[in-house]
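Q: You'll find work.txt just under this line, and it carries compact mmCIF, C-alpha atoms.
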# COMPACT_ATOMS: atom_id res chain seq x y z
CA MET A 129 -70.81 -101.59 -147.71
CA ASN A 130 -71.89 -99.10 -145.14
CA ILE A 131 -70.45 -95.62 -144.84
CA ASN A 132 -69.60 -94.63 -141.29
CA LEU A 133 -67.11 -92.81 -139.11
CA THR A 134 -64.28 -94.89 -140.53
CA LEU A 135 -64.43 -92.50 -143.45
CA LEU A 136 -63.58 -89.52 -141.27
CA GLY A 137 -60.96 -91.51 -139.38
CA GLN A 138 -59.35 -92.48 -142.63
CA MET A 139 -59.34 -88.89 -143.85
CA ILE A 140 -57.68 -87.70 -140.66
CA THR A 141 -55.09 -90.50 -140.80
CA PHE A 142 -54.38 -89.69 -144.42
CA ALA A 143 -54.00 -85.97 -143.71
CA LEU A 144 -51.59 -86.69 -140.86
CA LEU A 145 -49.52 -89.08 -142.95
CA VAL A 146 -49.25 -86.55 -145.76
CA TRP A 147 -48.33 -83.81 -143.34
CA VAL A 148 -45.56 -85.85 -141.71
CA THR A 149 -44.25 -86.99 -145.09
CA MET A 150 -44.25 -83.45 -146.40
CA LYS A 151 -42.61 -82.07 -143.29
CA PHE A 152 -40.03 -84.67 -142.32
CA VAL A 153 -39.61 -87.32 -144.99
CA TRP A 154 -39.65 -85.69 -148.38
CA PRO A 155 -37.34 -82.65 -147.99
CA PRO A 156 -34.22 -84.32 -146.57
CA ILE A 157 -34.34 -87.20 -149.06
CA ILE A 158 -34.93 -85.04 -152.10
CA GLU A 159 -32.27 -82.59 -150.94
CA ALA A 160 -29.70 -85.32 -150.44
CA MET A 161 -30.55 -86.76 -153.84
CA GLN A 162 -30.17 -83.43 -155.54
CA GLU A 163 -26.90 -82.81 -153.76
CA ARG A 164 -25.64 -86.22 -154.79
CA GLN A 165 -26.75 -85.53 -158.34
CA LYS A 166 -24.71 -82.34 -158.30
CA LYS A 167 -21.75 -84.18 -156.80
CA ILE A 168 -21.89 -86.83 -159.48
CA ALA A 169 -22.20 -84.23 -162.21
CA ASP A 170 -19.21 -82.37 -160.76
CA GLY A 171 -17.25 -85.60 -160.56
CA LEU A 172 -18.05 -86.46 -164.15
CA ALA A 173 -17.04 -82.98 -165.28
CA ALA A 174 -13.79 -83.26 -163.32
CA ALA A 175 -13.10 -86.64 -164.88
CA GLU A 176 -13.73 -85.17 -168.31
CA ARG A 177 -11.40 -82.32 -167.54
CA GLY A 178 -8.76 -84.73 -166.24
CA LYS A 179 -9.03 -86.80 -169.38
CA HIS A 180 -8.60 -83.74 -171.53
CA GLU A 181 -5.60 -82.64 -169.52
CA GLN A 182 -4.08 -86.06 -169.78
CA GLU A 183 -4.50 -85.95 -173.54
CA LEU A 184 -2.76 -82.59 -173.65
CA ALA A 185 0.05 -83.88 -171.46
CA GLU A 186 0.43 -86.92 -173.67
CA ASP A 187 0.66 -84.72 -176.73
CA ARG A 188 3.22 -82.55 -174.99
CA ALA A 189 5.25 -85.58 -173.92
CA LYS A 190 5.16 -86.92 -177.46
CA LYS A 191 6.43 -83.62 -178.80
CA VAL A 192 9.20 -83.44 -176.20
CA LEU A 193 10.20 -87.01 -176.96
CA GLN A 194 10.32 -86.30 -180.66
CA GLU A 195 12.46 -83.22 -180.09
CA ALA A 196 14.79 -85.19 -177.86
CA LYS A 197 15.10 -87.88 -180.50
CA GLN A 198 15.87 -85.32 -183.13
CA GLN A 199 18.46 -83.69 -180.92
CA ALA A 200 20.05 -87.01 -180.14
CA ASN A 201 20.22 -87.80 -183.84
CA GLU A 202 21.85 -84.45 -184.52
CA ILE A 203 24.37 -84.97 -181.75
CA ILE A 204 25.22 -88.45 -183.03
CA SER A 205 25.70 -87.26 -186.59
CA GLN A 206 27.81 -84.34 -185.39
CA ALA A 207 29.93 -86.67 -183.30
CA GLN A 208 30.36 -88.98 -186.25
CA LYS A 209 31.43 -86.10 -188.41
CA ARG A 210 33.85 -84.88 -185.79
CA ALA A 211 35.26 -88.40 -185.34
CA ASN A 212 35.77 -88.69 -189.08
CA GLU A 213 37.53 -85.36 -189.09
CA ILE A 214 39.75 -86.41 -186.22
CA VAL A 215 40.61 -89.67 -187.93
CA GLU A 216 41.36 -87.85 -191.17
CA SER A 217 43.52 -85.26 -189.50
CA SER A 218 45.42 -87.81 -187.46
CA LYS A 219 45.99 -89.83 -190.61
CA ASP A 220 47.43 -86.71 -192.20
CA THR A 221 49.73 -85.95 -189.31
CA ALA A 222 50.84 -89.56 -189.17
CA ARG A 223 51.69 -89.51 -192.85
CA GLN A 224 53.57 -86.25 -192.50
CA GLU A 225 55.41 -87.53 -189.48
CA GLY A 226 56.30 -90.72 -191.31
CA GLU A 227 57.59 -88.76 -194.26
CA ARG A 228 59.58 -86.47 -192.04
CA ILE A 229 61.10 -89.45 -190.24
CA LYS A 230 61.82 -91.09 -193.57
CA ALA A 231 63.44 -87.92 -194.91
CA SER A 232 65.63 -87.45 -191.85
CA ALA A 233 66.63 -91.12 -191.95
CA GLN A 234 67.49 -90.80 -195.62
CA SER A 235 69.60 -87.70 -195.07
CA GLU A 236 71.35 -89.40 -192.20
CA ILE A 237 72.05 -92.41 -194.41
CA GLU A 238 73.37 -90.15 -197.09
CA GLN A 239 75.63 -88.40 -194.61
CA GLU A 240 76.83 -91.74 -193.40
CA VAL A 241 77.46 -92.91 -196.94
CA ASN A 242 79.35 -89.72 -197.71
CA ARG A 243 81.38 -90.06 -194.62
CA ALA A 244 82.15 -93.69 -195.41
CA ARG A 245 83.05 -92.75 -198.94
CA GLU A 246 85.38 -90.00 -197.64
CA ASP A 247 86.99 -92.47 -195.25
CA LEU A 248 87.32 -95.01 -198.00
CA ARG A 249 88.81 -92.47 -200.30
CA LYS A 250 91.34 -91.49 -197.62
CA GLN A 251 92.19 -95.08 -196.91
CA VAL A 252 92.47 -95.94 -200.60
CA GLY A 253 94.84 -92.98 -200.94
CA LEU A 254 96.88 -94.18 -198.02
CA ILE A 255 96.95 -97.76 -199.30
CA ALA A 256 97.85 -96.52 -202.73
CA VAL A 257 100.58 -94.43 -201.25
CA ALA A 258 101.77 -97.36 -199.11
CA GLY A 259 101.62 -99.68 -202.13
CA ALA A 260 103.46 -97.17 -204.16
CA GLU A 261 106.11 -96.80 -201.44
CA ARG A 262 106.59 -100.52 -201.38
CA ILE A 263 106.92 -100.70 -205.12
CA LEU A 264 109.14 -97.74 -205.03
CA LYS A 265 111.41 -99.27 -202.33
CA ARG A 266 111.86 -102.51 -204.33
CA GLU A 267 112.75 -101.12 -207.65
CA VAL A 268 113.50 -97.56 -207.57
CA ASP A 269 114.00 -96.78 -211.04
CA ALA A 270 113.61 -93.18 -210.84
CA GLY A 271 114.14 -92.85 -214.40
CA ALA A 272 111.54 -95.35 -215.44
CA HIS A 273 108.91 -94.44 -212.95
CA ASP A 274 109.50 -90.89 -212.49
CA GLN A 275 106.96 -90.06 -215.08
CA ALA A 276 104.28 -92.22 -213.36
CA ILE A 277 105.02 -90.88 -209.93
CA GLN A 278 104.80 -87.45 -211.18
CA ASP A 279 101.48 -88.20 -212.81
CA LEU A 280 100.18 -89.69 -209.57
CA ALA A 281 101.34 -86.79 -207.53
CA ALA A 282 99.62 -84.53 -209.94
CA GLN A 283 96.47 -86.46 -209.66
CA ILE A 284 96.35 -86.51 -205.87
CA MET B 248 -69.87 -123.48 -140.61
CA THR B 249 -71.55 -123.41 -144.04
CA ALA B 250 -69.98 -121.81 -147.07
CA SER B 251 -72.30 -118.84 -147.09
CA GLU B 252 -71.67 -118.22 -143.41
CA TYR B 253 -67.94 -118.39 -144.03
CA ILE B 254 -68.14 -115.88 -146.87
CA LYS B 255 -70.40 -113.58 -144.88
CA HIS B 256 -68.03 -113.75 -141.98
CA HIS B 257 -65.13 -112.70 -144.18
CA LEU B 258 -67.03 -109.74 -145.53
CA GLY B 259 -67.84 -108.33 -142.12
CA HIS B 260 -65.98 -105.77 -140.09
CA MET B 261 -65.00 -105.51 -136.46
CA THR B 262 -67.37 -102.65 -135.71
CA LEU B 263 -67.60 -100.36 -132.73
CA GLY B 264 -71.09 -98.93 -132.36
CA GLU B 265 -74.36 -99.92 -133.98
CA LYS B 266 -73.93 -101.72 -137.30
CA GLY B 267 -75.38 -99.85 -140.25
CA SER B 268 -75.44 -96.53 -138.43
CA PHE B 269 -73.12 -93.74 -139.55
CA TRP B 270 -71.97 -93.28 -135.95
CA SER B 271 -70.02 -96.48 -135.84
CA ILE B 272 -66.43 -97.21 -136.72
CA HIS B 273 -64.61 -100.14 -138.27
CA LEU B 274 -61.91 -100.92 -135.75
CA ASP B 275 -60.05 -103.38 -138.00
CA THR B 276 -59.84 -100.93 -140.91
CA MET B 277 -58.70 -98.11 -138.66
CA PHE B 278 -56.19 -100.24 -136.77
CA PHE B 279 -54.52 -101.76 -139.82
CA SER B 280 -54.49 -98.58 -141.87
CA ILE B 281 -52.91 -96.65 -139.01
CA LEU B 282 -50.48 -99.50 -138.34
CA LEU B 283 -49.43 -99.65 -141.99
CA GLY B 284 -49.22 -95.85 -142.15
CA ALA B 285 -46.91 -96.07 -139.15
CA VAL B 286 -44.83 -98.73 -140.90
CA PHE B 287 -44.56 -96.46 -143.93
CA LEU B 288 -43.55 -93.45 -141.83
CA PHE B 289 -41.14 -95.51 -139.74
CA ILE B 290 -39.26 -96.81 -142.76
CA PHE B 291 -39.19 -93.54 -144.64
CA TYR B 292 -38.58 -91.29 -141.66
CA ARG B 293 -35.67 -93.43 -140.51
CA ALA B 294 -34.17 -93.34 -143.98
CA ALA B 295 -34.75 -89.58 -144.21
CA LYS B 296 -33.00 -89.00 -140.90
CA ARG B 297 -29.97 -91.05 -141.86
CA VAL B 298 -29.83 -89.84 -145.43
CA THR B 299 -26.38 -89.06 -146.76
CA THR B 300 -25.18 -87.60 -150.01
CA GLY B 301 -22.63 -90.37 -150.35
CA VAL B 302 -23.24 -93.80 -151.78
CA PRO B 303 -26.72 -94.88 -150.60
CA THR B 304 -27.01 -98.28 -148.99
CA GLY B 305 -29.79 -100.65 -148.03
CA MET B 306 -32.97 -98.94 -146.92
CA GLN B 307 -31.83 -95.53 -148.09
CA ASN B 308 -31.36 -96.91 -151.56
CA PHE B 309 -34.86 -98.38 -151.61
CA VAL B 310 -36.43 -95.23 -150.19
CA GLU B 311 -34.60 -93.09 -152.71
CA ILE B 312 -35.79 -95.26 -155.57
CA MET B 313 -39.37 -94.82 -154.38
CA VAL B 314 -38.93 -91.09 -153.92
CA GLU B 315 -37.32 -90.69 -157.31
CA PHE B 316 -40.03 -92.79 -158.96
CA VAL B 317 -42.81 -90.69 -157.44
CA ASP B 318 -40.94 -87.47 -158.11
CA GLN B 319 -40.61 -88.43 -161.76
CA GLN B 320 -44.32 -89.20 -161.99
CA VAL B 321 -45.15 -85.84 -160.47
CA LYS B 322 -42.74 -84.01 -162.76
CA ASP B 323 -44.15 -85.76 -165.80
CA SER B 324 -47.79 -84.89 -165.25
CA PHE B 325 -47.84 -81.94 -162.85
CA HIS B 326 -46.64 -78.63 -164.19
CA GLY B 327 -47.50 -76.31 -161.34
CA ARG B 328 -45.33 -75.65 -158.31
CA SER B 329 -46.46 -77.21 -155.09
CA LYS B 330 -44.70 -78.63 -152.08
CA VAL B 331 -47.65 -80.85 -151.19
CA ILE B 332 -48.24 -82.87 -154.35
CA ALA B 333 -45.10 -85.00 -154.39
CA PRO B 334 -45.14 -86.04 -150.69
CA LEU B 335 -48.89 -86.61 -151.05
CA ALA B 336 -48.32 -88.88 -154.03
CA LEU B 337 -45.56 -90.76 -152.22
CA THR B 338 -47.76 -91.27 -149.17
CA LEU B 339 -50.65 -92.46 -151.32
CA PHE B 340 -48.57 -94.89 -153.33
CA VAL B 341 -46.69 -96.53 -150.48
CA TRP B 342 -49.57 -96.51 -148.05
CA ILE B 343 -52.07 -97.98 -150.51
CA PHE B 344 -49.48 -100.51 -151.61
CA LEU B 345 -48.91 -101.61 -148.00
CA MET B 346 -52.65 -101.71 -147.28
CA ASN B 347 -53.15 -103.82 -150.40
CA ILE B 348 -50.31 -106.24 -149.81
CA VAL B 349 -51.53 -107.41 -146.41
CA LYS B 350 -54.19 -109.14 -148.49
CA LEU B 351 -51.54 -111.67 -149.49
CA LEU B 352 -51.04 -112.79 -145.90
CA PRO B 353 -52.59 -116.22 -145.23
CA TYR B 354 -56.25 -115.47 -145.53
CA ASP B 355 -57.55 -116.96 -142.30
CA LEU B 356 -54.47 -116.48 -140.13
CA LEU B 357 -55.03 -113.12 -138.49
CA PRO B 358 -58.84 -113.49 -138.09
CA ARG B 359 -58.26 -116.87 -136.44
CA ILE B 360 -55.66 -115.37 -134.10
CA ALA B 361 -58.09 -112.60 -133.25
CA GLN B 362 -60.79 -115.16 -132.49
CA ILE B 363 -58.47 -117.13 -130.23
CA VAL B 364 -57.11 -114.06 -128.44
CA SER B 365 -60.54 -112.50 -127.88
CA GLY B 366 -62.18 -115.84 -127.08
CA ASN B 367 -65.10 -114.83 -129.29
CA PRO B 368 -65.54 -117.25 -132.23
CA ASP B 369 -67.83 -114.83 -134.08
CA ILE B 370 -65.45 -111.88 -134.10
CA TYR B 371 -64.80 -110.18 -137.43
CA LEU B 372 -61.37 -109.05 -138.54
CA ARG B 373 -60.71 -107.75 -142.03
CA ILE B 374 -57.00 -106.93 -142.27
CA ASN B 375 -57.18 -105.37 -145.73
CA PRO B 376 -58.27 -101.75 -145.22
CA THR B 377 -58.58 -100.97 -148.95
CA SER B 378 -61.40 -103.50 -149.29
CA ASP B 379 -63.40 -101.23 -146.98
CA VAL B 380 -65.08 -98.53 -149.02
CA ASN B 381 -64.74 -96.11 -146.09
CA ALA B 382 -60.97 -96.24 -146.35
CA THR B 383 -60.78 -95.62 -150.08
CA LEU B 384 -63.50 -92.97 -149.97
CA GLY B 385 -61.71 -91.31 -147.06
CA MET B 386 -58.57 -90.90 -149.13
CA SER B 387 -60.33 -89.88 -152.31
CA ILE B 388 -62.52 -87.32 -150.53
CA ALA B 389 -59.41 -85.82 -148.97
CA VAL B 390 -57.98 -85.60 -152.48
CA PHE B 391 -61.30 -84.08 -153.62
CA PHE B 392 -61.01 -81.34 -150.99
CA LEU B 393 -57.49 -80.64 -152.18
CA ILE B 394 -58.73 -80.38 -155.76
CA ILE B 395 -61.38 -77.83 -154.74
CA PHE B 396 -58.87 -75.98 -152.56
CA TYR B 397 -56.29 -75.69 -155.32
CA SER B 398 -58.89 -74.76 -157.93
CA ILE B 399 -59.98 -71.80 -155.81
CA TYR B 400 -56.44 -71.02 -154.62
CA ILE B 401 -54.96 -70.88 -158.12
CA LYS B 402 -57.83 -69.46 -160.15
CA GLY B 403 -59.49 -67.40 -157.42
CA ALA B 404 -63.12 -67.76 -156.37
CA GLY B 405 -64.25 -65.88 -159.49
CA GLY B 406 -62.18 -68.04 -161.81
CA PHE B 407 -63.46 -71.20 -160.16
CA ALA B 408 -67.07 -70.03 -160.38
CA LYS B 409 -66.56 -69.10 -164.03
CA GLU B 410 -65.20 -72.57 -164.72
CA MET B 411 -68.12 -74.20 -162.91
CA PHE B 412 -70.83 -72.15 -164.67
CA LEU B 413 -69.53 -71.14 -168.08
CA LYS B 414 -67.71 -74.24 -169.28
CA PRO B 415 -68.07 -76.09 -171.54
CA PHE B 416 -71.08 -74.59 -173.39
CA GLY B 417 -70.97 -70.88 -172.63
CA VAL B 418 -73.30 -68.54 -170.78
CA TRP B 419 -76.61 -69.65 -172.43
CA PHE B 420 -76.35 -73.13 -170.91
CA LEU B 421 -75.45 -71.94 -167.43
CA PRO B 422 -77.44 -74.41 -165.27
CA PHE B 423 -76.66 -77.26 -167.61
CA ASN B 424 -72.95 -76.42 -167.42
CA PHE B 425 -73.08 -76.38 -163.66
CA VAL B 426 -74.77 -79.77 -163.40
CA LEU B 427 -72.28 -81.22 -165.85
CA LYS B 428 -69.35 -79.78 -163.93
CA VAL B 429 -70.62 -80.99 -160.57
CA VAL B 430 -71.02 -84.49 -161.94
CA GLU B 431 -67.50 -84.30 -163.40
CA GLU B 432 -65.98 -83.17 -160.12
CA ILE B 433 -67.91 -85.68 -158.01
CA ALA B 434 -67.01 -88.45 -160.41
CA LYS B 435 -63.31 -87.95 -159.65
CA PRO B 436 -63.27 -89.02 -155.97
CA VAL B 437 -66.01 -91.59 -156.48
CA SER B 438 -64.21 -93.29 -159.36
CA LEU B 439 -60.90 -93.14 -157.48
CA ALA B 440 -62.38 -94.74 -154.39
CA LEU B 441 -64.59 -97.31 -156.09
CA ARG B 442 -61.89 -98.49 -158.50
CA LEU B 443 -59.55 -99.36 -155.65
CA PHE B 444 -62.29 -100.67 -153.40
CA GLY B 445 -63.86 -102.79 -156.14
CA ASN B 446 -60.56 -104.37 -157.09
CA MET B 447 -59.58 -105.24 -153.57
CA TYR B 448 -63.07 -106.34 -152.49
CA ALA B 449 -63.47 -108.62 -155.48
CA GLY B 450 -59.95 -109.97 -154.99
CA GLY B 451 -60.76 -110.75 -151.37
CA LEU B 452 -63.99 -112.44 -152.34
CA ILE B 453 -62.13 -114.71 -154.73
CA PHE B 454 -59.64 -115.58 -151.98
CA THR B 455 -62.62 -116.52 -149.83
CA LEU B 456 -63.96 -118.76 -152.57
CA ILE B 457 -60.56 -120.36 -153.07
CA ALA B 458 -60.41 -121.00 -149.33
CA LEU B 459 -63.63 -123.02 -149.67
CA LEU B 460 -61.96 -125.51 -152.01
CA PRO B 461 -60.57 -128.80 -150.65
CA TRP B 462 -57.25 -128.16 -148.95
CA TRP B 463 -55.15 -130.25 -151.38
CA ILE B 464 -56.21 -128.25 -154.47
CA GLN B 465 -56.21 -124.77 -152.96
CA TRP B 466 -52.59 -124.04 -153.82
CA THR B 467 -53.19 -124.17 -157.60
CA LEU B 468 -55.74 -121.37 -157.72
CA GLY B 469 -54.36 -119.74 -154.60
CA LEU B 470 -50.86 -119.39 -155.98
CA SER B 471 -51.89 -118.12 -159.41
CA TRP B 472 -54.43 -115.70 -157.97
CA SER B 473 -51.88 -114.42 -155.43
CA LEU B 474 -49.33 -113.77 -158.15
CA PHE B 475 -51.93 -112.06 -160.28
CA LYS B 476 -53.08 -110.10 -157.25
CA LEU B 477 -49.53 -108.91 -156.70
CA LEU B 478 -49.70 -107.17 -160.07
CA ILE B 479 -53.14 -105.70 -159.31
CA ILE B 480 -51.98 -104.44 -155.93
CA THR B 481 -49.08 -102.51 -157.40
CA LEU B 482 -51.11 -101.34 -160.35
CA GLN B 483 -53.99 -100.06 -158.22
CA ALA B 484 -51.66 -98.17 -155.90
CA PHE B 485 -49.96 -96.68 -158.95
CA ILE B 486 -53.26 -95.74 -160.61
CA PHE B 487 -54.56 -94.07 -157.48
CA MET B 488 -51.37 -92.04 -157.20
CA VAL B 489 -51.16 -91.03 -160.85
CA LEU B 490 -54.83 -90.06 -161.08
CA THR B 491 -54.47 -87.97 -157.95
CA ILE B 492 -51.53 -86.16 -159.51
CA VAL B 493 -53.45 -85.66 -162.74
CA TYR B 494 -56.54 -84.32 -160.99
CA LEU B 495 -54.49 -81.91 -158.90
CA SER B 496 -52.60 -80.86 -161.98
CA MET B 497 -55.90 -80.15 -163.72
CA ALA B 498 -56.96 -78.08 -160.74
CA HIS B 499 -53.81 -75.99 -161.20
CA GLU B 500 -54.38 -75.27 -164.85
CA ASP B 501 -56.48 -72.57 -166.41
CA HIS B 502 -58.42 -73.96 -169.30
How does this structure look as structure tokens?
A:
Amino acid sequence: MNINLTLLGQMITFALLVWVTMKFVWPPIIEAMQERQKKIADGLAAAERGKHEQELAEDRAKKVLQEAKQQANEIISQAQKRANEIVESSKDTARQEGERIKASAQSEIEQEVNRAREDLRKQVGLIAVAGAERILKREVDAGAHDQAIQDLAAQI
Amino acid sequence: MTASEYIKHHLGHMTLGEKGSFWSIHLDTMFFSILLGAVFLFIFYRAAKRVTTGVPTGMQNFVEIMVEFVDQQVKDSFHGRSKVIAPLALTLFVWIFLMNIVKLLPYDLLPRIAQIVSGNPDIYLRINPTSDVNATLGMSIAVFFLIIFYSIYIKGAGGFAKEMFLKPFGVWFLPFNFVLKVVEEIAKPVSLALRLFGNMYAGGLIFTLIALLPWWIQWTLGLSWSLFKLLIITLQAFIFMVLTIVYLSMAHEDH
């Protein structure tokens, strides 16, 4: 263990190493690290912000969806109501139409019946007259039948 | 070669100039410390030049971890503002770590290569600079100068003188205070240097002793001591760095 010039040499070497490190090594590395730190912090903040925004958007979407559902339900119930109304009203018209058709058919039938009855009556009259003529031709007993013929004539 | 010769050989230095005189220099210590300093600067400077703010890869990642580690240590114990302290701490930590870890290279390999290359079988080559007290004292005395510089720079010459003469016992014990303070200040670099030197020197000595064992048993002690040494190496580099930060931080503070 002898102290000699190595001591001074070592001091000079050490001083030079420190100087170079201080001048050229330390600043760029520490700067880059700080910059990266800032970048990462910014990135994390942005991610946080994005997450928050996504949550908001999700909420909004949920609300919109709910509204849409509600609207759809309303529309469906309205449509059902309207359909019921339409069915009801068409039932009504159908019934009325049926009744009208029935009524007109009935009146037509009645007319027909009346006409037939009129015809019949006319024909019965004619037959009665013809029958009477025949009876009258065979035994004209004016005296005996005069009363009857007169009654008939009065009736017709 | 006898055991004592072998040990003595491993404790010597490749010296330029007269041995024992102050005007000589340990070539092996200087060469390996400068080489390892260059390795440190090469790795870190290359990473610093290519540094990006994007995702760090490979060497940049490693360098950034080291820088962040040192930066955190400095932030934790140093409350002043200085551009020098953190790079100084980084240099100390990595450089001392590198100078320590060459100890784990095969113990006789590089000295034997040096002997073969130089053709001189008696040549000394100690590859571990931190087991040379000159190297550790060189660093700690540089730190000591910084401590004095910052003490005067921050507190002013008057403030520094006041601290040297009036603390801790007040004006009536002025010479006593001064002696106490001088011892306290001197103790800082001496303890820094001798702690590191003692650890590495003793570690090396034990490697030498292990190398004297029969070859088939060496691996048992060699392996366990190497693993243990790995812890010590990191720990000593860390201690040197942290104590330097603490001392410089103390120099910045008014008591």
Q: Residues of chain A near chain B: apply a cut-off of 9 Å, count all atoms listed in the file, and supply the list as an NGL selection string.
A: :A and (129-143 or 145-165 or 167)
Q: How would the residues just picked look written out with C-alpha atoms as a short mmCIF file (atom, residue, chain, number, x, y, z; two decimals), in the coordinates of the input?
A:
data_model
loop_
_atom_site.label_atom_id
_atom_site.label_comp_id
_atom_site.auth_asym_id
_atom_site.auth_seq_id
_atom_site.Cartn_x
_atom_site.Cartn_y
_atom_site.Cartn_z
CA MET A 129 -70.81 -101.59 -147.71
CA ASN A 130 -71.89 -99.10 -145.14
CA ILE A 131 -70.45 -95.62 -144.84
CA ASN A 132 -69.60 -94.63 -141.29
CA LEU A 133 -67.11 -92.81 -139.11
CA THR A 134 -64.28 -94.89 -140.53
CA LEU A 135 -64.43 -92.50 -143.45
CA LEU A 136 -63.58 -89.52 -141.27
CA GLY A 137 -60.96 -91.51 -139.38
CA GLN A 138 -59.35 -92.48 -142.63
CA MET A 139 -59.34 -88.89 -143.85
CA ILE A 140 -57.68 -87.70 -140.66
CA THR A 141 -55.09 -90.50 -140.80
CA PHE A 142 -54.38 -89.69 -144.42
CA ALA A 143 -54.00 -85.97 -143.71
CA LEU A 145 -49.52 -89.08 -142.95
CA VAL A 146 -49.25 -86.55 -145.76
CA TRP A 147 -48.33 -83.81 -143.34
CA VAL A 148 -45.56 -85.85 -141.71
CA THR A 149 -44.25 -86.99 -145.09
CA MET A 150 -44.25 -83.45 -146.40
CA LYS A 151 -42.61 -82.07 -143.29
CA PHE A 152 -40.03 -84.67 -142.32
CA VAL A 153 -39.61 -87.32 -144.99
CA TRP A 154 -39.65 -85.69 -148.38
CA PRO A 155 -37.34 -82.65 -147.99
CA PRO A 156 -34.22 -84.32 -146.57
CA ILE A 157 -34.34 -87.20 -149.06
CA ILE A 158 -34.93 -85.04 -152.10
CA GLU A 159 -32.27 -82.59 -150.94
CA ALA A 160 -29.70 -85.32 -150.44
CA MET A 161 -30.55 -86.76 -153.84
CA GLN A 162 -30.17 -83.43 -155.54
CA GLU A 163 -26.90 -82.81 -153.76
CA ARG A 164 -25.64 -86.22 -154.79
CA GLN A 165 -26.75 -85.53 -158.34
CA LYS A 167 -21.75 -84.18 -156.80
#
Q: Rounded to one decimal in Å, what is the spacing between atom CA of Lys402 of chain B and atom CA of Pro415 of chain B?
A: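 About the pair atom CA of Lys402 of chain B and atom CA of Pro415 of chain B: they are 16.7 Å apart.
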Q: Considering all atoms listed in the file, can you say which of B:Ile464, B:Leu474, B:Leu427, B:Met261 comes closest to Ile370 of chain B?
A: B:Met261
Q: Please compute the atom CA of Ala498 of chain B-atom CA of Ser324 of chain B distance, one decimal, in Å.
A: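 So the two atoms, atom CA of Ala498 of chain B and atom CA of Ser324 of chain B, lie 12.3 Å apart.
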Q: Report as a PDB file with C-alpha atoms, in the frame of the given file all protein, DNA and RNA residues lying within 8 Å of Phe412 of chain B, evaluated on all atoms listed in the file, omitting residues in the same chain fewer than 6 positions from it.
A:
ATOM      1  CA  VAL B 418     -73.300 -68.540-170.780  1.00  0.00           C
ATOM      2  CA  LEU B 421     -75.450 -71.940-167.430  1.00  0.00           C
ATOM      3  CA  PRO B 422     -77.440 -74.410-165.270  1.00  0.00           C
ATOM      4  CA  ASN B 424     -72.950 -76.420-167.420  1.00  0.00           C
ATOM      5  CA  PHE B 425     -73.080 -76.380-163.660  1.00  0.00           C
ATOM      6  CA  LYS B 428     -69.350 -79.780-163.930  1.00  0.00           C
TER       7      LYS B 428
END
Q: Between atom CA of Glu240 of chain A and atom CA of Glu225 of chain A, what is the distance in Å, rounded to a tenth?
A: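 So the two atoms, atom CA of Glu240 of chain A and atom CA of Glu225 of chain A, lie 22.2 Å apart.
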Q: For Tyr354 of chain B, which of B:Leu495, B:Thr455, B:Gln483, B:Tyr397 is the closest residue, counting only C-alpha atoms?
A: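 Nearest candidate to Tyr354 of chain B out of B:Leu495, B:Thr455, B:Gln483, B:Tyr397: B:Thr455.
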Q: Taking 5 positions as the minimum chain separation for residues in the same chain, which residues sit within 12 Å of Pro358 of chain B when counting all atoms listed in the file? Answer as a VMD selection string.
A: chain B and resid 253 256 to 261 275 352 to 353 363 to 375
Q: Segment 415-426 of chain B, all listed atoms, 5 Å padding on each side: what axis-aligned box centre and edge lengths in Å to one decimal come out, as JSON?
A:
{"center_x": -72.8, "center_y": -74.2, "center_z": -168.4, "size_x": 19.4, "size_y": 21.2, "size_z": 20.0}
